[in-house]
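To keep things clear, I will list the structure first and then write my remarks on it.
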Amino acid sequence: MNFPTSTHKREWLFDANTLNGKYAAAQQQALESLRAARDVTSTAADGAGIDSKKQRADCPISVLDETELKLYYQVKLKAICEQLKMPSKVLHAALLYFKRFYVQSSCLEHDPTRVMPTCIYLACKVEEAYRSGESLAKAMGIEPSTVLRFEVPLLQGLQFDLVVHSPYRALAGLFKELDDLRLQSSPMLDPQLLAAPPDVIDKARGRARAAADSLLLTDAPLLHAPGVIAAAALRSAFRTLQLPCHQFLRHAAQRGKQQQVAAAAAGGGSGDGSSGSLDAAAAEQQLLANMAAVDDLVARQGEINEAGLQSRAAEVDRAIKLWKKGLQQQQQQQQQQQQ
């Protein structure tokens, strides 16, 4: 699959303002949908339109509250996949399905306790690591219906688009390129990277994968290409080992641009060497800017305090349930008044 022409890039990557706007719009749409179900009875009873003040009543949670609730369930999803020893491609796909679903939908209307296990189930099927809904539910300690009944709504929320491109594959490609350059004693490598012992590079691989795992819990997969996430994870790993990798990242950016130019030339586009060289410099600056943006996402999210996050998520979940219960009670009262 070719990422530049994929639906992953075309349909599921956003700029930060657009993504935040979609989150707010999804919450507002869910709010209005749930209120409409309540208000339709009273409208029919008194023959009047829906009170605009009711429509503007305060939402039980903020967009930030909902972000914390979604983060809790993403952390839980990751823990389940690791506990069940699922391949990293399943973890990545499940997390992306969860994130994509809540770009268009809200926790007000769709309970994450149903969405999260179904994302894992769907990812297992798509990534050819199939587990039956019954066996998965048993391993998670939930009823099979929790997994199976939400599959169609999940697919609809994803617009039946299940294509995902993984940063793990891009990360493996970067380390393969690094290994090749080290074997060649290439001057395109940072001297410290060239001189580093093999066990240090192996340690960097593990840390880079861990960094990629952490980045998947931010909005990075909805804002940046998998290659950018992989590069940011690689740089994070080498930073912890106090090894500079600027020259290597410059080489990676230029190589990527050269591949794009070659592909354009093969397709009849302009691919002359001079414009490719100039564009490569711009590609390097763009990669550095994107990695800085990824670093900012990590810094703003901070280290995840799972106990605190669980407590906060429980508060938000309770507020949603109490609010929805109140809506149901109002609807029941309206129905009784009509009788």
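Chain lettering (A, B, ...) mirrors the order of the structure tokens, residue numbering begins at 1 for each chain separately, and ligand numbering begins at 1 in order of display.
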
Per residue of stretch 287-329 of chain A within 12 Å of stretch 5-19 of chain A, record the nearest atom pair and its distance in Å to one decimal, counting only C-alpha atoms, with rows in chain order and ascending residue number, as a tab-separated table.
residue	atom	partner	partner_atom	distance
A:Asn290	CA	A:Asp15	CA	11.3
A:Ala293	CA	A:Ala16	CA	10.1
A:Val294	CA	A:Ala16	CA	11.4
A:Leu297	CA	A:Ala16	CA	10.5

### Query
What are the DSSP helix (DSSP H, G or I) residues of stretch 171-306 of chain A, as a PyMOL selection string?
chain A and resi 171-183+191-195+198-215+220-223+226-240+246-266+273-301+306

### Message
What's the separation between atom CA of A:Pro4 and atom CA of A:Val228, in Å to one decimal place?
### Response
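Answer for the atom CA of A:Pro4 to atom CA of A:Val228 separation: 13.0 Å.
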
Once you count only C-alpha atoms, what closest atom pair and distance in Å to one decimal does each residue of stretch 91-165 of chain A within 9 Å of stretch 21-38 of chain A have, with rows by chain and rising residue number, as JSON lines?
{"residue": "A:Tyr102", "atom": "CA", "partner": "A:Tyr23", "partner_atom": "CA", "distance": 7.5}
{"residue": "A:Val103", "atom": "CA", "partner": "A:Tyr23", "partner_atom": "CA", "distance": 5.8}
{"residue": "A:Gln104", "atom": "CA", "partner": "A:Ala26", "partner_atom": "CA", "distance": 5.5}
{"residue": "A:Ser105", "atom": "CA", "partner": "A:Ala26", "partner_atom": "CA", "distance": 5.1}
{"residue": "A:Ser106", "atom": "CA", "partner": "A:Gln27", "partner_atom": "CA", "distance": 5.1}
{"residue": "A:Cys107", "atom": "CA", "partner": "A:Gln27", "partner_atom": "CA", "distance": 7.7}
{"residue": "A:Leu108", "atom": "CA", "partner": "A:Ala30", "partner_atom": "CA", "distance": 6.3}
{"residue": "A:Glu109", "atom": "CA", "partner": "A:Ala30", "partner_atom": "CA", "distance": 5.8}
{"residue": "A:His110", "atom": "CA", "partner": "A:Ala30", "partner_atom": "CA", "distance": 9.0}

### Message
Give me the residues near stretch 88-90 of chain A as a PyMOL selection string, where near means some atom within 12 Å (using only C-alpha atoms) and where sequence neighbours in that chain fewer than 3 positions away do not count.
### Response
chain A and resi 77-82+84-85+93-97+119-131+163-169+209-210+212-213+216

### atom CA of A:Leu91 to atom CA of A:Leu243, distance in Å rounded to a single decimal
29.0 Å

#### Entry: Spatial neighbours of stretch 174-189 of chain A, max dist 10 Å, only C-alpha atoms, sep filter under 3 positions, as a PyMOL selection string
chain A and resi 168-171+192-196+198+201-202+204-205+208+227+230-231+234+244-252

### Query
Looking at only C-alpha atoms, which of A:Val298, A:Leu241, A:Leu287, A:Ala281 is the one that sits closest to A:Pro226?
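Closest candidate: A:Leu287.
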
### Task
Would you mind telling me which residue in A:Thr118, A:Gln285, A:Ala220, A:Ser214 lies nearest to A:Glu303 when using only C-alpha atoms?
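Distance minimum relative to A:Glu303 lands on A:Ser214.
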
### Exercise: A:Glu134 partners within 12 Å, only C-alpha atoms, chain neighbours under 3 positions left out, as a list of chain:residue names
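Non-adjacent residues within range: A:Pro117, A:Thr118, A:Tyr121, A:Tyr130, A:Arg131, A:Ala137, A:Lys138, A:Ala139, A:Met140, A:Gly141, A:Ile142, A:Glu143, A:Pro144, A:Ser145, A:Thr146, A:Val147, A:Leu148, A:Arg149.
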
### Query
atom CA of A:Val115 and atom CA of A:Phe150 are how many Å apart?
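Result for atom CA of A:Val115 versus atom CA of A:Phe150: 6.9 Å, one decimal.
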